[in-house]
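Q: Below is the file run.txt, which contains compact mmCIF, C-alpha atoms.
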```
# COMPACT_ATOMS: atom_id res chain seq x y z
CA MET H 15 132.83 50.21 1.72
CA SER H 16 131.28 53.45 0.46
CA ASN H 17 132.59 55.19 -2.60
CA ALA H 18 134.72 58.26 -1.95
CA LEU H 19 134.57 61.16 -4.40
CA THR H 20 138.20 61.90 -5.23
CA LYS H 21 137.99 63.21 -8.81
CA THR H 22 135.49 65.07 -10.99
CA GLU H 23 135.66 65.86 -14.71
CA PHE H 24 132.36 67.56 -15.51
CA ASN H 25 131.55 69.72 -18.51
CA PHE H 26 128.60 71.87 -17.54
CA PRO H 27 126.65 74.21 -19.87
CA GLY H 28 128.40 77.60 -19.99
CA GLN H 29 131.53 76.22 -18.31
CA LYS H 30 134.50 78.53 -18.94
CA SER H 31 137.17 77.11 -16.66
CA PHE H 32 137.90 74.55 -13.99
CA TYR H 33 140.05 74.81 -10.87
CA LYS H 34 141.09 71.84 -8.78
CA GLY H 35 141.95 72.72 -5.20
CA LYS H 36 143.22 70.40 -2.50
CA VAL H 37 139.65 69.40 -1.61
CA ARG H 38 137.29 71.42 -3.83
CA ASP H 39 136.71 71.24 -7.59
CA VAL H 40 135.43 74.61 -8.79
CA TYR H 41 133.67 75.15 -12.12
CA ASN H 42 133.29 78.66 -13.56
CA ILE H 43 129.93 79.14 -15.29
CA ASN H 44 129.96 82.13 -17.68
CA ASP H 45 132.20 84.16 -15.31
CA ASP H 46 129.09 84.71 -13.21
CA TYR H 47 128.53 81.62 -11.04
CA LEU H 48 130.80 79.06 -9.44
CA VAL H 49 129.84 75.43 -8.97
CA MET H 50 131.88 74.18 -6.01
CA VAL H 51 132.02 70.41 -5.68
CA VAL H 52 133.36 69.38 -2.28
CA SER H 53 135.24 66.15 -2.82
CA ASP H 54 136.19 63.51 -0.27
CA ARG H 55 139.89 64.27 -0.72
CA ILE H 56 141.72 65.12 2.49
CA SER H 57 144.83 67.25 2.85
CA ALA H 58 147.26 67.84 5.70
CA PHE H 59 150.53 69.77 5.73
CA ASP H 60 149.46 71.11 2.31
CA VAL H 61 149.61 67.60 0.83
CA VAL H 62 146.60 65.69 -0.51
CA LEU H 63 146.60 62.23 1.03
CA PRO H 64 146.30 59.19 -1.26
CA LYS H 65 142.85 58.01 -0.16
CA GLY H 66 139.52 59.82 0.05
CA ILE H 67 137.34 59.84 3.16
CA PRO H 68 133.73 58.68 2.49
CA TYR H 69 131.09 61.37 3.23
CA LYS H 70 133.72 63.98 4.16
CA GLY H 71 132.69 66.24 1.26
CA GLN H 72 129.02 66.01 2.20
CA VAL H 73 129.88 66.82 5.83
CA LEU H 74 131.92 69.89 4.86
CA ASN H 75 129.40 71.17 2.34
CA GLN H 76 126.40 70.78 4.62
CA ILE H 77 128.10 72.32 7.67
CA ALA H 78 129.24 75.27 5.53
CA GLU H 79 125.73 75.63 4.12
CA LYS H 80 124.24 75.79 7.63
CA PHE H 81 126.72 78.41 8.84
CA LEU H 82 126.52 80.52 5.68
CA ASP H 83 122.77 80.73 6.21
CA ALA H 84 123.23 81.47 9.93
CA THR H 85 125.65 84.38 9.36
CA SER H 86 124.18 86.08 6.29
CA ASP H 87 122.95 88.94 8.51
CA ILE H 88 126.60 89.76 9.39
CA VAL H 89 128.09 89.75 5.89
CA PRO H 90 126.63 88.79 2.48
CA ASN H 91 127.95 85.43 1.28
CA TRP H 92 128.47 83.84 -2.09
CA LYS H 93 125.98 80.95 -1.72
CA ILE H 94 122.92 80.84 -3.99
CA GLU H 95 121.84 77.20 -3.60
CA SER H 96 123.08 73.74 -2.66
CA PRO H 97 121.55 71.46 -5.33
CA ASP H 98 123.40 68.33 -4.13
CA PRO H 99 124.80 67.18 -0.77
CA ASN H 100 128.35 67.76 -2.07
CA VAL H 101 127.72 70.94 -4.08
CA THR H 102 127.22 74.66 -3.53
CA VAL H 103 126.49 77.04 -6.42
CA GLY H 104 127.18 80.70 -5.78
CA HIS H 105 128.37 84.07 -7.00
CA MET H 106 131.76 84.25 -8.67
CA CYS H 107 133.82 86.77 -6.70
CA GLU H 108 137.36 88.09 -7.04
CA PRO H 109 139.04 86.62 -3.94
CA TYR H 110 141.24 88.69 -1.68
CA LYS H 111 144.81 87.39 -1.60
CA VAL H 112 144.74 86.83 2.16
CA GLU H 113 142.98 84.36 4.43
CA MET H 114 141.65 85.76 7.69
CA VAL H 115 142.73 83.42 10.48
CA ILE H 116 141.37 84.08 13.97
CA ARG H 117 142.47 82.24 17.10
CA GLY H 118 140.72 82.17 20.45
CA TYR H 119 143.13 79.67 22.04
CA LEU H 120 146.86 78.92 21.98
CA THR H 121 146.99 75.69 20.03
CA GLY H 122 148.11 74.16 16.72
CA HIS H 123 150.40 76.38 14.65
CA ALA H 124 150.28 79.18 17.24
CA TRP H 125 151.39 76.80 20.00
CA ARG H 126 154.16 75.36 17.83
CA GLU H 127 155.48 78.90 17.29
CA TYR H 128 155.01 79.81 20.97
CA SER H 129 156.74 76.69 22.26
CA ALA H 130 159.69 77.52 19.95
CA GLY H 131 160.08 80.76 21.89
CA LYS H 132 158.23 83.21 19.64
CA ARG H 133 155.96 85.73 21.33
CA THR H 134 154.55 87.46 18.27
CA LEU H 135 152.51 85.89 15.48
CA CYS H 136 151.68 87.94 12.37
CA GLY H 137 152.75 91.04 14.26
CA VAL H 138 150.39 90.28 17.16
CA ALA H 139 151.88 89.95 20.66
CA MET H 140 151.09 86.81 22.63
CA PRO H 141 151.23 87.04 26.45
CA GLU H 142 154.06 85.42 28.40
CA GLY H 143 153.40 82.44 30.63
CA MET H 144 150.69 80.76 28.59
CA VAL H 145 150.25 77.00 28.29
CA GLU H 146 149.04 74.91 25.37
CA ASN H 147 145.29 75.23 24.66
CA GLN H 148 144.86 78.19 27.02
CA LYS H 149 142.34 80.86 26.00
CA PHE H 150 143.77 84.17 24.79
CA PRO H 151 142.55 87.26 26.68
CA GLU H 152 140.99 88.31 23.36
CA PRO H 153 140.89 86.41 20.04
CA ILE H 154 143.90 87.30 17.87
CA LEU H 155 143.92 87.80 14.10
CA THR H 156 146.79 85.99 12.35
CA PRO H 157 146.23 86.30 8.59
CA THR H 158 148.08 84.33 5.96
CA THR H 159 148.87 84.94 2.34
CA LYS H 160 146.83 82.78 -0.01
CA ALA H 161 149.24 80.60 -1.93
CA ASP H 162 148.16 79.10 -5.27
CA GLU H 163 150.64 76.33 -4.63
CA GLY H 164 152.60 75.23 -1.58
CA HIS H 165 152.36 76.74 1.86
CA ASP H 166 150.38 79.77 2.95
CA GLU H 167 152.63 82.22 4.81
CA ASP H 168 151.94 84.16 7.99
CA ILE H 169 151.72 87.91 7.34
CA SER H 170 151.03 90.94 9.51
CA ARG H 171 148.22 93.45 9.10
CA GLU H 172 150.84 96.13 8.40
CA ASP H 173 152.48 94.10 5.62
CA ILE H 174 149.13 93.27 3.99
CA ILE H 175 148.36 96.99 3.73
CA ALA H 176 151.94 98.02 2.83
CA GLN H 177 152.13 95.44 0.03
CA GLY H 178 148.76 96.54 -1.34
CA LEU H 179 147.24 93.07 -0.96
CA VAL H 180 144.15 94.76 0.51
CA ASP H 181 143.66 98.49 0.96
CA LYS H 182 143.43 99.79 4.53
CA ALA H 183 139.71 100.60 4.63
CA GLU H 184 138.70 97.24 3.13
CA TYR H 185 141.11 95.34 5.36
CA GLU H 186 139.54 96.94 8.42
CA MET H 187 136.15 95.75 7.15
CA LEU H 188 137.53 92.21 6.75
CA GLU H 189 138.83 92.33 10.33
CA ASP H 190 135.44 93.51 11.61
CA TYR H 191 133.58 90.78 9.70
CA THR H 192 136.06 88.16 10.94
CA ARG H 193 135.57 89.09 14.60
CA LYS H 194 131.77 89.12 14.26
CA LEU H 195 131.67 85.79 12.42
CA PHE H 196 133.94 84.21 15.03
CA GLN H 197 131.72 85.54 17.81
CA ARG H 198 128.61 84.06 16.13
CA GLY H 199 130.38 80.75 15.56
CA THR H 200 131.55 80.72 19.18
CA GLU H 201 127.99 81.25 20.43
CA MET H 202 126.57 78.55 18.15
CA ALA H 203 129.27 76.08 19.21
CA ALA H 204 128.67 76.81 22.90
CA GLU H 205 124.99 75.93 22.48
CA LYS H 206 126.15 72.45 21.41
CA GLY H 207 128.73 72.01 24.19
CA LEU H 208 131.66 72.85 21.94
CA ILE H 209 134.37 75.51 21.91
CA LEU H 210 135.26 77.11 18.55
CA VAL H 211 139.03 77.31 19.04
CA ASP H 212 140.23 78.86 15.80
CA THR H 213 139.13 79.19 12.21
CA LYS H 214 139.75 80.98 8.93
CA TYR H 215 137.54 82.97 6.60
CA GLU H 216 137.96 83.92 2.96
CA PHE H 217 136.42 86.95 1.34
CA GLY H 218 135.96 88.21 -2.19
CA LYS H 219 134.39 91.07 -4.14
CA LYS H 220 131.72 91.22 -6.81
CA ASP H 221 130.36 94.46 -8.27
CA GLY H 222 132.17 96.42 -5.57
CA LYS H 223 130.58 94.45 -2.73
CA ILE H 224 132.42 92.26 -0.19
CA TYR H 225 131.21 88.67 0.15
CA LEU H 226 132.16 85.84 2.46
CA ILE H 227 133.24 83.02 0.13
CA ASP H 228 134.24 79.36 0.26
CA GLU H 229 133.42 77.44 3.46
CA ILE H 230 132.86 78.43 7.07
CA HIS H 231 133.17 76.67 10.46
CA THR H 232 133.86 73.21 9.02
CA PRO H 233 136.42 70.79 10.51
CA ASP H 234 138.73 71.54 7.58
CA SER H 235 138.90 75.25 8.38
CA SER H 236 138.18 75.20 12.11
CA ARG H 237 139.18 73.50 15.32
CA TYR H 238 136.67 72.58 18.02
CA PHE H 239 137.20 71.41 21.60
CA TYR H 240 134.55 69.75 23.75
CA ALA H 241 133.62 72.25 26.47
CA GLU H 242 132.97 69.54 29.06
CA GLY H 243 136.23 68.75 30.82
CA TYR H 244 138.16 71.51 29.03
CA GLN H 245 139.29 73.27 32.21
CA GLU H 246 140.25 70.05 34.01
CA ARG H 247 142.31 68.86 31.05
CA LEU H 248 143.99 72.27 30.78
CA GLU H 249 144.96 72.29 34.45
CA LYS H 250 146.35 68.75 34.24
CA GLY H 251 148.30 69.51 31.06
CA GLU H 252 146.34 66.83 29.18
CA LYS H 253 145.43 66.93 25.51
CA GLN H 254 142.01 68.40 24.78
CA LYS H 255 139.24 66.27 23.33
CA GLN H 256 138.75 67.88 19.98
CA LEU H 257 136.86 67.67 16.74
CA SER H 258 139.03 68.92 13.91
CA LYS H 259 141.51 67.73 11.34
CA GLU H 260 144.30 67.99 13.91
CA PHE H 261 143.93 64.28 14.77
CA VAL H 262 144.86 63.47 11.15
CA ARG H 263 147.94 65.73 11.41
CA GLN H 264 148.89 64.06 14.69
CA TRP H 265 148.53 60.60 13.12
CA LEU H 266 150.81 61.69 10.28
CA ILE H 267 153.39 63.16 12.69
CA GLU H 268 153.38 59.95 14.74
CA ASN H 269 154.00 58.04 11.49
CA GLY H 270 156.92 60.23 10.47
CA PHE H 271 155.27 62.62 8.03
CA GLN H 272 155.04 66.42 8.23
CA GLY H 273 155.06 67.28 4.52
CA LYS H 274 158.81 67.81 4.41
CA ASP H 275 161.06 66.88 1.50
CA GLY H 276 162.04 63.23 1.46
CA GLN H 277 159.21 62.11 3.75
CA THR H 278 156.79 59.43 2.59
CA ILE H 279 153.07 59.55 3.31
CA PRO H 280 152.22 56.56 5.55
CA ALA H 281 149.85 53.89 4.29
CA MET H 282 146.21 54.59 5.16
CA SER H 283 144.43 51.42 6.21
CA GLU H 284 140.72 50.95 5.56
CA GLU H 285 140.23 51.00 9.33
CA PHE H 286 141.95 54.40 9.59
CA VAL H 287 139.98 55.81 6.64
CA ASN H 288 136.69 54.69 8.19
CA SER H 289 137.67 56.13 11.57
CA VAL H 290 138.33 59.51 9.94
CA SER H 291 134.94 59.32 8.21
CA ASP H 292 133.29 58.58 11.55
CA ARG H 293 135.03 61.56 13.15
CA TYR H 294 133.75 63.90 10.43
CA ILE H 295 130.20 62.60 10.85
CA GLU H 296 130.55 62.98 14.64
CA LEU H 297 131.52 66.62 14.20
CA PHE H 298 128.60 67.23 11.83
CA GLU H 299 126.12 65.90 14.37
CA ASN H 300 127.73 67.69 17.29
CA ILE H 301 128.10 71.10 15.69
CA THR H 302 124.76 71.17 13.84
CA GLY H 303 122.63 69.19 16.27
CA ASP H 304 121.21 67.36 13.24
CA THR H 305 121.38 63.66 12.44
CA PHE H 306 123.69 63.03 9.49
CA VAL H 307 121.92 61.37 6.56
CA LYS H 308 124.39 59.53 4.35
CA SER H 309 123.80 60.28 0.68
CA ASP H 310 123.68 57.55 -1.96
CA THR H 311 127.28 57.20 -3.13
CA SER H 312 126.72 54.30 -5.54
CA ALA H 313 127.00 56.62 -8.58
CA ILE H 314 128.13 59.83 -6.96
CA ASN H 315 129.52 61.57 -10.06
CA GLY H 316 126.33 60.97 -12.03
CA ARG H 317 124.22 62.14 -9.12
CA ILE H 318 126.15 65.42 -8.89
CA GLU H 319 126.15 66.02 -12.64
CA LYS H 320 122.36 65.63 -12.83
CA ALA H 321 121.73 67.91 -9.84
CA VAL H 322 123.93 70.70 -11.20
CA ASN H 323 122.54 70.44 -14.73
CA ASP H 324 119.02 70.65 -13.32
CA PHE H 325 119.98 73.79 -11.37
CA LEU H 326 121.57 75.45 -14.40
CA LYS H 327 118.43 74.87 -16.47
CA LYS H 328 116.36 77.02 -14.09
```
Show this structure as structure tokens.
A:
Amino acid sequence: MSNALTKTEFNFPGQKSFYKGKVRDVYNINDDYLVMVVSDRISAFDVVLPKGIPYKGQVLNQIAEKFLDATSDIVPNWKIESPDPNVTVGHMCEPYKVEMVIRGYLTGHAWREYSAGKRTLCGVAMPEGMVENQKFPEPILTPTTKADEGHDEDISREDIIAQGLVDKAEYEMLEDYTRKLFQRGTEMAAEKGLILVDTKYEFGKKDGKIYLIDEIHTPDSSRYFYAEGYQERLEKGEKQKQLSKEFVRQWLIENGFQGKDGQTIPAMSEEFVNSVSDRYIELFENITGDTFVKSDTSAINGRIEKAVNDFLKK
């Protein structure tokens, strides 16, 4: 059994603060750089599950690295270097208080809202007569507020501007970047026989300049369908074959957990944990076209600490 990275407690030179997210541990270096360590923790329904998934952090970090490099002509991004398979070091930006969610297909949260009878999401109209997993006529933008704790909340473009979360001109730039990034991701997925179904992007500012921050097009932030057989499955009303975290959510739902008060997280067997790890590696290889090379996890914390310290000495 491989070690899973579920906790870090580093003290790097120049470290000013530390933030522990659901999956990422972020170290502030002199208010100038961020060291983002992508752990093997896994969350669903805004709850971190009790066991880590081996190699998940490496998968997420290396997919994000590939797509950050492949989209830097569209919008500048925060990445400077990836000194370790689980680590990205980049510019420290002031994040916008919204996440830009874009959906090309009616699935997941959008379908749950639609099937409950709602025909608008974040102020955006959804056509009548659609079925689950059907493609929207045009991708729709359904932003959410960025919660420090608990659930992110759907919010409309109008409310974002009215509440002053982002000013109008900058918000229009974020929308433009989001559409262009989604188009690039869609094209890259199609080359590999995949459909980029929906995703989210986060942006920040540094020295008056907008940057794409955090991750991009990973299975934690995105949903992918296999293109082959998509239409046949749609017409038959069958579930789509997909590569995303949705299968973890479905497993939790089937085992009586949706993150609601009083619900208990089901036990995660070693078999289930390993199957999730395999699914993440499968997505890596499918979406990148590269063979996944498992890193040495025998002393993963020490490996990361050395790599980051070496980078900071440069």
Q: One number please: CA of Asp212 in chain H to CA of Ile77 in chain H, in Å, one decimal.
A: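 According to the coordinates, CA of Asp212 in chain H and CA of Ile77 in chain H are separated by 16.0 Å.
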Q: At a cut-off of 8 Å from (142.1, 78.1, 5.1) in the coordinates of the file, what residues are picked up using only C-alpha atoms, written as an mmCIF file with C-alpha atoms, keeping the file's coordinate frame?
A:
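Wrote selection04.cif, looks like this:
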```cif
data_model
loop_
_atom_site.group_PDB
_atom_site.id
_atom_site.type_symbol
_atom_site.label_atom_id
_atom_site.label_comp_id
_atom_site.auth_asym_id
_atom_site.auth_seq_id
_atom_site.Cartn_x
_atom_site.Cartn_y
_atom_site.Cartn_z
ATOM 1 C CA GLU H 113 142.980 84.360 4.430
ATOM 2 C CA VAL H 115 142.730 83.420 10.480
ATOM 3 C CA THR H 213 139.130 79.190 12.210
ATOM 4 C CA LYS H 214 139.750 80.980 8.930
ATOM 5 C CA TYR H 215 137.540 82.970 6.600
ATOM 6 C CA GLU H 216 137.960 83.920 2.960
ATOM 7 C CA ASP H 234 138.730 71.540 7.580
ATOM 8 C CA SER H 235 138.900 75.250 8.380
#
```
Q: Find the spatial neighbours of range 209-211 of chain H, counting all atoms listed in the file, within a cut-off of 7 Å - ignore same-chain residues fewer than 4 positions away - and output them as a PDB file with C-alpha atoms, keeping the file's coordinate frame.
A:
```pdb
ATOM      1  CA  ARG H 117     142.470  82.240  17.100  1.00  0.00           C
ATOM      2  CA  GLY H 118     140.720  82.170  20.450  1.00  0.00           C
ATOM      3  CA  TYR H 119     143.130  79.670  22.040  1.00  0.00           C
ATOM      4  CA  GLY H 199     130.380  80.750  15.560  1.00  0.00           C
ATOM      5  CA  THR H 200     131.550  80.720  19.180  1.00  0.00           C
ATOM      6  CA  ALA H 203     129.270  76.080  19.210  1.00  0.00           C
ATOM      7  CA  ALA H 204     128.670  76.810  22.900  1.00  0.00           C
ATOM      8  CA  ARG H 237     139.180  73.500  15.320  1.00  0.00           C
ATOM      9  CA  TYR H 238     136.670  72.580  18.020  1.00  0.00           C
ATOM     10  CA  PHE H 239     137.200  71.410  21.600  1.00  0.00           C
ATOM     11  CA  TYR H 240     134.550  69.750  23.750  1.00  0.00           C
ATOM     12  CA  ALA H 241     133.620  72.250  26.470  1.00  0.00           C
TER      13      ALA H 241
END
```
Q: Work out how far apart CA of Lys36 in chain H and CA of Val52 in chain H are and give it in Å to one decimal.
A: 9.9 Å
Q: Could you work out how far CA of Gly316 in chain H lies from CA of Val287 in chain H, giving the answer in Å with one decimal?
A: 23.7 Å
Q: Mind listing whatever residues come within 12 Å of the point (139.7, 93.1, 8.9)? Use all atoms listed in the file, file coordinates, and give them as JSON, numbers by chain.
A: {"H": [110, 112, 113, 114, 115, 116, 154, 155, 156, 157, 170, 171, 172, 174, 175, 180, 181, 182, 183, 184, 185, 186, 187, 188, 189, 190, 191, 192, 193, 194, 195, 215, 216, 217, 224]}
Q: If the box runs along x, y and z of the file and leaves 8 Å on each side of range 244-263 of chain H, what are its centre and edge lengths in Å, one decimal, as JSON?
A:
```
{"center_x": 142.6, "center_y": 68.4, "center_z": 22.8, "size_x": 27.4, "size_y": 25.8, "size_z": 39.3}
```
Q: Using all atoms listed in the file, which of H:Met282, H:Ala124, H:Ile227, H:Leu179 sits nearest Asn91 in chain H?
A: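 Distance minimum relative to Asn91 in chain H lands on H:Ile227.
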Q: Counting only C-alpha atoms, which of H:Ala176, H:Ile295, H:Val322, H:Ala84 gets nearest to Pro68 in chain H?
A: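 Of all the options, H:Ile295 lies closest to Pro68 in chain H.
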Q: Please determine, counting all atoms listed in the file, which residue among H:Ser31, H:Ser16, H:Thr22, H:Asn42 has the shortest atom-to-atom distance to Ser291 in chain H.
A: H:Ser16
Q: Nearest to Thr159 in chain H among H:Gln177, H:Thr302, H:Thr134, H:Asn269, with distances taken over only C-alpha atoms: which residue is it?
A: H:Gln177
Q: Can you work out which one of H:Lys149, H:Lys250, H:Lys80, H:Lys160 has the shortest atom-to-atom distance to Gly303 in chain H, counting all atoms listed in the file?
A: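 Comparing H:Lys149, H:Lys250, H:Lys80, H:Lys160 against Gly303 in chain H, the winner is H:Lys80.
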Q: Do a neighbour search on Gly131 in chain H at 12 Å with all atoms listed in the file, toss out local chain neighbours closer than 2 positions, and write the hits as an NGL selection string.
A: :H and (124-129 or 133-135 or 140-144)
Q: For Val49 in chain H, find every residue with an atom within 8 Å (counting all atoms listed in the file), except residues of its own chain fewer than 3 positions away, and show them as a ChimeraX atom specification.
A: /H:40-43,101-104,322
